[in-house]
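Participant: Have a look at the structure that comes next, please.
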Amino acid sequence: MKLGYLISIILSITITVYVLSSLYTPQTEVRNGATTLYGEVLLPLPKKMTAISTEESILLRKSIREWADVPLTIDHLSMILWAAQGVVEEYYGWLRRSSPSAGATYPLEIYVVVGNESVLLKSNEYLQAGIYKYDYKRHSIKLVEVGDKRTLLWDASLNQDWVRDAPVNIVICAVYERTTSRYGERGIRYVILEAGHVGQNIYLMSTSLGLGTVAIGAFYDDEVAKVISAAKNEKPIYIFPIGVPLTPHKMTFEKLQDIYNRLRK
Ligand SMILES: Cc1cc2nc3c(=O)[nH]c(=O)nc-3n(C[C@H](O)[C@H](O)[C@H](O)COP(=O)(O)O)c2cc1C
């Protein structure tokens, strides 16, 4: 009788421990290079993906406002976010990033607005539509809100159709005090200059990947902040809709040389 009682106690403890431990074990799911972990998407790690040279990318860069009805891939999103704010070196414990930063104060935060069926994970499987925040250290995006918020972003961006129609929009936010606490008022200039560096990286990486983008500066700051659920000190300063261009832009160095030769006459 006593032994039976003991066994039943041991059994119930074992079952309880098993159930609790399974509840607290991180549930990961690997989907074609993107791993989801409780609303966090570990992006495929950055790698060499394009054969295009820097000079070709600069030559072919153009603001694109019309999109083919084609999603981005998770590799595209990974490379664009890495180009924007990813890590490029670990230097005595300091994680240097893809864009320069005044005094390495890194005042920018990156949000991603993902539409329905807009980022392909594998055939017929898409990243959940929503607002995500980029984590540069983990090269991951973390779900902030679920749902396709592109129409709200379009409304907040003076109804510029290329915002609503792009599969993905990147929103760059500034946390001014990270830089002004060191440089005072001049820090405001530095933060805005940095957004420009990030923006050009987004343009060039998009171009190299056969994608397109356009810098958006015209929008209602507070409305955009609301759409992306930004923290109070995160001020939206730039938006980059990204998609596959409806008409790929073509240009060659031969044509460019003709232009210069005419200009020199
Ligand atoms: C700070 C800034 C703000 C801009 N804002 C907008 C905008 O709100 N909407 C838009 O369609 N284009 C915007 N643009 C893109 C410019 O219209 C575009 O860069 C310009 O026409 C030159 O064309 P290109 O980029 O193809 O060389 C902006 C560009 C910059 C640099």
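Identifiers for the structure tokens are assigned positionally: chains receive A, B, ... in sequence, residues are indexed from 1 per chain, and ligands are indexed from 1 in the order shown.
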Could you list, as a ChimeraX atom specification, all residues that come within 12 Å of ligand 1? Count only C-alpha atoms and all ligand atoms.
Facilitator: /A:58-66,154,156-163,192-193,195-200,203-204,207,212-220,237-241,249
Participant: Got time to write the residues from that selection, N, CA and C atoms, as a CSV table (one decimal), in the first residue's frame?
Facilitator:
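Saved file again.csv follows:
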```
chain,number,residue,atom,x,y,z
A,58,ILE,N,25.3,51.7,-58.5
A,58,ILE,CA,25.1,53.2,-58.5
A,58,ILE,C,24.5,53.6,-59.8
A,59,LEU,N,25.0,53.1,-60.9
A,59,LEU,CA,24.5,53.5,-62.2
A,59,LEU,C,23.0,53.1,-62.4
A,60,LEU,N,22.6,52.0,-61.9
A,60,LEU,CA,21.2,51.5,-62.0
A,60,LEU,C,20.2,51.9,-61.0
A,61,ARG,N,20.7,52.6,-59.9
A,61,ARG,CA,19.8,53.1,-58.9
A,61,ARG,C,18.9,54.1,-59.4
A,62,LYS,N,17.6,53.9,-59.1
A,62,LYS,CA,16.6,54.8,-59.6
A,62,LYS,C,15.4,54.7,-58.6
A,63,SER,N,14.7,55.8,-58.3
A,63,SER,CA,13.5,55.7,-57.5
A,63,SER,C,12.4,55.0,-58.3
A,64,ILE,N,11.9,53.9,-57.7
A,64,ILE,CA,10.9,53.1,-58.3
A,64,ILE,C,9.6,53.2,-57.6
A,65,ARG,N,8.5,53.4,-58.4
A,65,ARG,CA,7.2,53.7,-57.7
A,65,ARG,C,6.1,52.7,-58.2
A,66,GLU,N,6.4,51.8,-59.1
A,66,GLU,CA,5.4,50.8,-59.6
A,66,GLU,C,6.0,49.4,-59.5
A,154,TRP,N,-0.2,54.1,-45.9
A,154,TRP,CA,-0.5,54.9,-47.1
A,154,TRP,C,-1.2,56.1,-46.7
A,156,ALA,N,-1.2,57.6,-43.9
A,156,ALA,CA,-0.2,58.4,-43.1
A,156,ALA,C,0.8,59.0,-44.0
A,157,SER,N,0.9,58.5,-45.2
A,157,SER,CA,2.0,59.0,-46.1
A,157,SER,C,1.4,59.8,-47.3
A,158,LEU,N,0.4,60.6,-47.0
A,158,LEU,CA,-0.2,61.4,-48.0
A,158,LEU,C,-0.7,60.6,-49.2
A,159,ASN,N,-1.2,59.4,-49.0
A,159,ASN,CA,-1.8,58.6,-50.0
A,159,ASN,C,-0.9,58.4,-51.2
A,160,GLN,N,0.4,58.2,-50.9
A,160,GLN,CA,1.3,57.8,-52.0
A,160,GLN,C,1.1,56.3,-52.3
A,161,ASP,N,0.6,56.1,-53.5
A,161,ASP,CA,0.2,54.7,-53.8
A,161,ASP,C,1.3,53.7,-53.7
A,162,TRP,N,2.6,54.1,-54.0
A,162,TRP,CA,3.7,53.2,-54.0
A,162,TRP,C,4.0,52.6,-52.6
A,163,VAL,N,3.5,53.3,-51.6
A,163,VAL,CA,3.6,52.8,-50.2
A,163,VAL,C,2.6,51.7,-50.0
A,192,ILE,N,20.1,62.8,-38.7
A,192,ILE,CA,19.4,62.9,-40.0
A,192,ILE,C,20.4,62.5,-41.1
A,193,LEU,N,21.6,62.9,-41.0
A,193,LEU,CA,22.6,62.5,-42.0
A,193,LEU,C,22.8,61.0,-42.0
A,195,ALA,N,20.5,58.8,-41.3
A,195,ALA,CA,19.3,58.1,-42.0
A,195,ALA,C,19.6,58.1,-43.5
A,196,GLY,N,20.3,59.2,-44.0
A,196,GLY,CA,20.6,59.3,-45.4
A,196,GLY,C,21.6,58.1,-45.8
A,197,HIS,N,22.5,57.9,-44.9
A,197,HIS,CA,23.5,56.8,-45.2
A,197,HIS,C,22.7,55.4,-45.3
A,198,VAL,N,21.9,55.2,-44.3
A,198,VAL,CA,21.1,54.0,-44.3
A,198,VAL,C,20.2,53.9,-45.6
A,199,GLY,N,19.6,55.0,-45.9
A,199,GLY,CA,18.7,55.0,-47.1
A,199,GLY,C,19.5,54.7,-48.4
A,200,GLN,N,20.7,55.2,-48.5
A,200,GLN,CA,21.5,54.9,-49.7
A,200,GLN,C,21.8,53.4,-49.7
A,203,TYR,N,18.8,51.6,-51.0
A,203,TYR,CA,18.7,51.8,-52.4
A,203,TYR,C,19.7,50.9,-53.2
A,204,LEU,N,20.9,50.9,-52.7
A,204,LEU,CA,21.9,50.1,-53.5
A,204,LEU,C,21.8,48.6,-53.3
A,207,THR,N,18.8,47.6,-55.5
A,207,THR,CA,19.1,47.6,-56.9
A,207,THR,C,20.0,46.4,-57.2
A,212,GLY,N,13.4,47.3,-56.2
A,212,GLY,CA,13.4,48.7,-56.3
A,212,GLY,C,12.9,49.4,-55.1
A,213,THR,N,13.2,50.6,-54.9
A,213,THR,CA,12.7,51.4,-53.7
A,213,THR,C,12.6,52.9,-54.1
A,214,VAL,N,12.0,53.6,-53.2
A,214,VAL,CA,12.0,55.1,-53.3
A,214,VAL,C,12.0,55.7,-51.9
A,215,ALA,N,12.8,56.7,-51.7
A,215,ALA,CA,12.9,57.4,-50.4
A,215,ALA,C,11.6,58.2,-50.2
A,216,ILE,N,10.9,58.0,-49.1
A,216,ILE,CA,9.7,58.7,-48.8
A,216,ILE,C,10.0,59.6,-47.6
A,217,GLY,N,9.9,60.9,-47.8
A,217,GLY,CA,10.1,61.9,-46.7
A,217,GLY,C,8.8,62.6,-46.4
A,218,ALA,N,7.8,62.5,-47.3
A,218,ALA,CA,6.5,63.2,-47.1
A,218,ALA,C,5.5,62.3,-46.4
A,219,PHE,N,5.3,62.5,-45.1
A,219,PHE,CA,4.3,61.8,-44.3
A,219,PHE,C,4.1,62.5,-43.0
A,220,TYR,N,3.0,62.1,-42.3
A,220,TYR,CA,2.6,62.7,-41.0
A,220,TYR,C,3.4,61.8,-40.0
A,237,ILE,N,11.5,59.0,-39.5
A,237,ILE,CA,12.0,60.1,-40.3
A,237,ILE,C,12.1,59.7,-41.8
A,238,TYR,N,12.0,58.4,-42.1
A,238,TYR,CA,12.2,58.0,-43.5
A,238,TYR,C,11.4,56.7,-43.8
A,239,ILE,N,10.8,56.6,-45.0
A,239,ILE,CA,10.2,55.3,-45.3
A,239,ILE,C,10.7,54.8,-46.6
A,240,PHE,N,10.9,53.5,-46.8
A,240,PHE,CA,11.4,53.0,-48.0
A,240,PHE,C,10.4,51.8,-48.4
A,241,PRO,N,9.5,52.0,-49.4
A,241,PRO,CA,8.7,50.9,-49.9
A,241,PRO,C,9.7,50.1,-50.8
A,249,HIS,N,14.8,49.0,-64.6
A,249,HIS,CA,15.5,50.1,-65.1
A,249,HIS,C,16.7,49.6,-65.9
```
Participant: Dump as a Markdown table the rows for residues of region 44-79 of chain A within 10 Å of region 84-102 of chain A: closest atom pair and distance in Å with one decimal, only C-alpha atoms counted, ordered by chain and rising residue number.
Facilitator:
```
| residue | atom | partner | partner_atom | distance |
| --- | --- | --- | --- | --- |
| A:Pro46 | CA | A:Gly86 | CA | 8.8 |
| A:Ser78 | CA | A:Gly86 | CA | 9.4 |
| A:Met79 | CA | A:Ala84 | CA | 8.5 |
```
Participant: Counting only C-alpha atoms, which of A:Ile141, A:Ala83, A:His76, A:Tyr134 gets nearest to Leu42 (chain A)?
Facilitator: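 Using only C-alpha atoms, the shortest distance to Leu42 (chain A) belongs to A:Ile141.
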Participant: From the set A:Arg150, A:Lys226, A:Lys133, A:Lys250, which residue has the shortest atom-to-atom contact distance to Gly210 (chain A), counting only C-alpha atoms?
Facilitator: A:Lys250
Participant: Residues of region 169-235 of chain A within 12 Å of region 122-130 of chain A: nearest atom pair and distance (Å, one decimal) for each, counting only C-alpha atoms, sorted by chain and number, as JSON lines?
Facilitator:
```
{"residue": "A:Asn169", "atom": "CA", "partner": "A:Gly130", "partner_atom": "CA", "distance": 10.9}
{"residue": "A:Val227", "atom": "CA", "partner": "A:Gly130", "partner_atom": "CA", "distance": 10.4}
{"residue": "A:Ile228", "atom": "CA", "partner": "A:Gly130", "partner_atom": "CA", "distance": 9.1}
{"residue": "A:Ser229", "atom": "CA", "partner": "A:Gly130", "partner_atom": "CA", "distance": 11.1}
```
Participant: What is the CA of Glu40 (chain A)-CA of Ile202 (chain A) distance in Å, reported with one decimal?
Facilitator: 22.2 Å
Participant: Just give me the gap between CA of Asn116 (chain A) and CA of Lys232 (chain A) in Å, one decimal is fine.
Facilitator: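 Taking CA of Asn116 (chain A) as the start and CA of Lys232 (chain A) as the end point, the length is 27.3 Å.
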Participant: Hey, can you check how far CA of Glu109 (chain A) sits from CA of Val146 (chain A)?
Facilitator: 19.1 Å
Participant: Within region 183-259 of chain A, find each residue whose DSSP state, derived from the backbone, is helix (DSSP H, G or I), and express the selection as a VMD selection string.
Facilitator: chain A and resid 183 186 to 208 221 to 228 253 to 259
Participant: Given the selection you just returned, output its residues as a file containing C-alpha atoms, formatted as a PDB file, in the first residue's frame.
Facilitator:
```pdb
ATOM      1  CA  TYR A 183      26.782  66.201 -29.192  1.00  0.00           C
ATOM      2  CA  ARG A 186      24.369  69.258 -33.477  1.00  0.00           C
ATOM      3  CA  GLY A 187      23.432  65.650 -32.811  1.00  0.00           C
ATOM      4  CA  ILE A 188      20.098  66.275 -34.586  1.00  0.00           C
ATOM      5  CA  ARG A 189      22.014  66.999 -37.798  1.00  0.00           C
ATOM      6  CA  TYR A 190      24.108  63.848 -37.299  1.00  0.00           C
ATOM      7  CA  VAL A 191      21.042  61.629 -36.828  1.00  0.00           C
ATOM      8  CA  ILE A 192      19.395  62.903 -40.007  1.00  0.00           C
ATOM      9  CA  LEU A 193      22.637  62.491 -41.966  1.00  0.00           C
ATOM     10  CA  GLU A 194      22.836  58.900 -40.726  1.00  0.00           C
ATOM     11  CA  ALA A 195      19.342  58.138 -41.997  1.00  0.00           C
ATOM     12  CA  GLY A 196      20.607  59.268 -45.401  1.00  0.00           C
ATOM     13  CA  HIS A 197      23.479  56.772 -45.231  1.00  0.00           C
ATOM     14  CA  VAL A 198      21.078  53.979 -44.317  1.00  0.00           C
ATOM     15  CA  GLY A 199      18.725  55.046 -47.085  1.00  0.00           C
ATOM     16  CA  GLN A 200      21.451  54.878 -49.718  1.00  0.00           C
ATOM     17  CA  ASN A 201      22.449  51.409 -48.500  1.00  0.00           C
ATOM     18  CA  ILE A 202      18.800  50.348 -48.903  1.00  0.00           C
ATOM     19  CA  TYR A 203      18.703  51.812 -52.423  1.00  0.00           C
ATOM     20  CA  LEU A 204      21.932  50.112 -53.499  1.00  0.00           C
ATOM     21  CA  MET A 205      21.186  46.723 -51.949  1.00  0.00           C
ATOM     22  CA  SER A 206      17.696  46.755 -53.490  1.00  0.00           C
ATOM     23  CA  THR A 207      19.149  47.614 -56.889  1.00  0.00           C
ATOM     24  CA  SER A 208      21.770  44.858 -56.630  1.00  0.00           C
ATOM     25  CA  ASP A 221       5.222  61.687 -38.383  1.00  0.00           C
ATOM     26  CA  ASP A 222       2.756  61.024 -35.558  1.00  0.00           C
ATOM     27  CA  GLU A 223       0.439  59.003 -37.777  1.00  0.00           C
ATOM     28  CA  VAL A 224       3.282  56.801 -39.005  1.00  0.00           C
ATOM     29  CA  ALA A 225       4.480  56.338 -35.411  1.00  0.00           C
ATOM     30  CA  LYS A 226       0.970  55.154 -34.500  1.00  0.00           C
ATOM     31  CA  VAL A 227       0.787  52.701 -37.415  1.00  0.00           C
ATOM     32  CA  ILE A 228       4.028  50.997 -36.469  1.00  0.00           C
ATOM     33  CA  PHE A 253      28.173  52.818 -69.025  1.00  0.00           C
ATOM     34  CA  GLU A 254      28.296  53.196 -72.830  1.00  0.00           C
ATOM     35  CA  LYS A 255      25.109  55.271 -72.752  1.00  0.00           C
ATOM     36  CA  LEU A 256      26.445  57.238 -69.804  1.00  0.00           C
ATOM     37  CA  GLN A 257      29.690  57.988 -71.631  1.00  0.00           C
ATOM     38  CA  ASP A 258      27.618  59.295 -74.580  1.00  0.00           C
ATOM     39  CA  ILE A 259      25.810  61.646 -72.200  1.00  0.00           C
TER      40      ILE A 259
END
```
Participant: Nearest to Thr252 (chain A): which of A:Ser57, A:Leu43, A:Pro107, A:Tyr5 is it, counting only C-alpha atoms?
Facilitator: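 Using only C-alpha atoms, Thr252 (chain A) sits closest to A:Ser57.
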Participant: For each of A:Thr151, A:Ser118, A:Thr105, A:Ser53, take the minimum atom-to-atom distance to Leu77 (chain A), counting only C-alpha atoms, then give the residue where this is smallest.
Facilitator: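 Nearest to Leu77 (chain A): A:Ser118.
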Participant: DSSP on the backbone: which residues in region 39-79 of chain A end up as strand (DSSP E or B)? Give the answer as an mmCIF file with N, CA and C atoms, in the first residue's frame.
Facilitator:
```cif
data_model
loop_
_atom_site.group_PDB
_atom_site.id
_atom_site.type_symbol
_atom_site.label_atom_id
_atom_site.label_comp_id
_atom_site.auth_asym_id
_atom_site.auth_seq_id
_atom_site.Cartn_x
_atom_site.Cartn_y
_atom_site.Cartn_z
ATOM 1 N N GLU A 40 9.537 35.872 -33.019
ATOM 2 C CA GLU A 40 10.799 36.386 -33.553
ATOM 3 C C GLU A 40 11.159 35.549 -34.780
ATOM 4 N N VAL A 41 11.536 36.221 -35.846
ATOM 5 C CA VAL A 41 11.950 35.502 -37.056
ATOM 6 C C VAL A 41 13.452 35.687 -37.213
ATOM 7 N N LEU A 42 14.184 34.590 -37.026
ATOM 8 C CA LEU A 42 15.638 34.639 -37.244
ATOM 9 C C LEU A 42 15.858 34.628 -38.742
ATOM 10 N N SER A 63 14.710 55.786 -58.332
ATOM 11 C CA SER A 63 13.520 55.666 -57.486
ATOM 12 C C SER A 63 12.419 54.956 -58.259
ATOM 13 N N TRP A 67 5.167 48.570 -58.961
ATOM 14 C CA TRP A 67 5.655 47.241 -58.577
ATOM 15 C C TRP A 67 4.988 46.144 -59.362
ATOM 16 N N LEU A 72 8.554 39.628 -52.185
ATOM 17 C CA LEU A 72 9.993 39.547 -51.896
ATOM 18 C C LEU A 72 10.254 38.142 -51.353
ATOM 19 N N THR A 73 11.508 37.764 -51.243
ATOM 20 C CA THR A 73 11.828 36.519 -50.540
ATOM 21 C C THR A 73 12.421 36.893 -49.176
#
```
Participant: Using only C-alpha atoms, can you tell me which of A:Leu45, A:Val70, A:Leu143, A:Ile80 comes closest to Glu117 (chain A)?
Facilitator: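 Among A:Leu45, A:Val70, A:Leu143, A:Ile80, it is A:Val70 that comes nearest to Glu117 (chain A).
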Participant: Write out as a list in words each polymer residue whose atoms come within 9 Å of Asp69 (chain A), counting only C-alpha atoms; drop sequence neighbours fewer than 2 positions from it.
Facilitator: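 Here the answer would be Trp67, Pro71, Asp165, Ala166, Pro167, Gly243, Val244 and Leu246 of chain A.
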Participant: With C-alpha atoms retained, export the selected residues as a compact mmCIF listing (two decimals), in the first residue's frame.
Facilitator:
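Generated output (selection-v8.txt):
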```
# COMPACT_ATOMS: atom_id res chain seq x y z
CA TRP A 67 5.65 47.24 -58.58
CA PRO A 71 6.53 38.99 -53.35
CA ASP A 165 1.23 48.76 -53.18
CA ALA A 166 4.77 47.69 -52.20
CA PRO A 167 4.95 44.29 -50.50
CA GLY A 243 9.26 45.62 -54.26
CA VAL A 244 10.09 44.08 -57.61
CA LEU A 246 7.19 46.66 -62.75
```
Participant: Which neighbours of Glu234 (chain A) fall inside 7 Å, counting only C-alpha atoms, when residues of the same chain fewer than 6 positions from it are skipped, and could you give them as a count of residues only?
Facilitator: 3
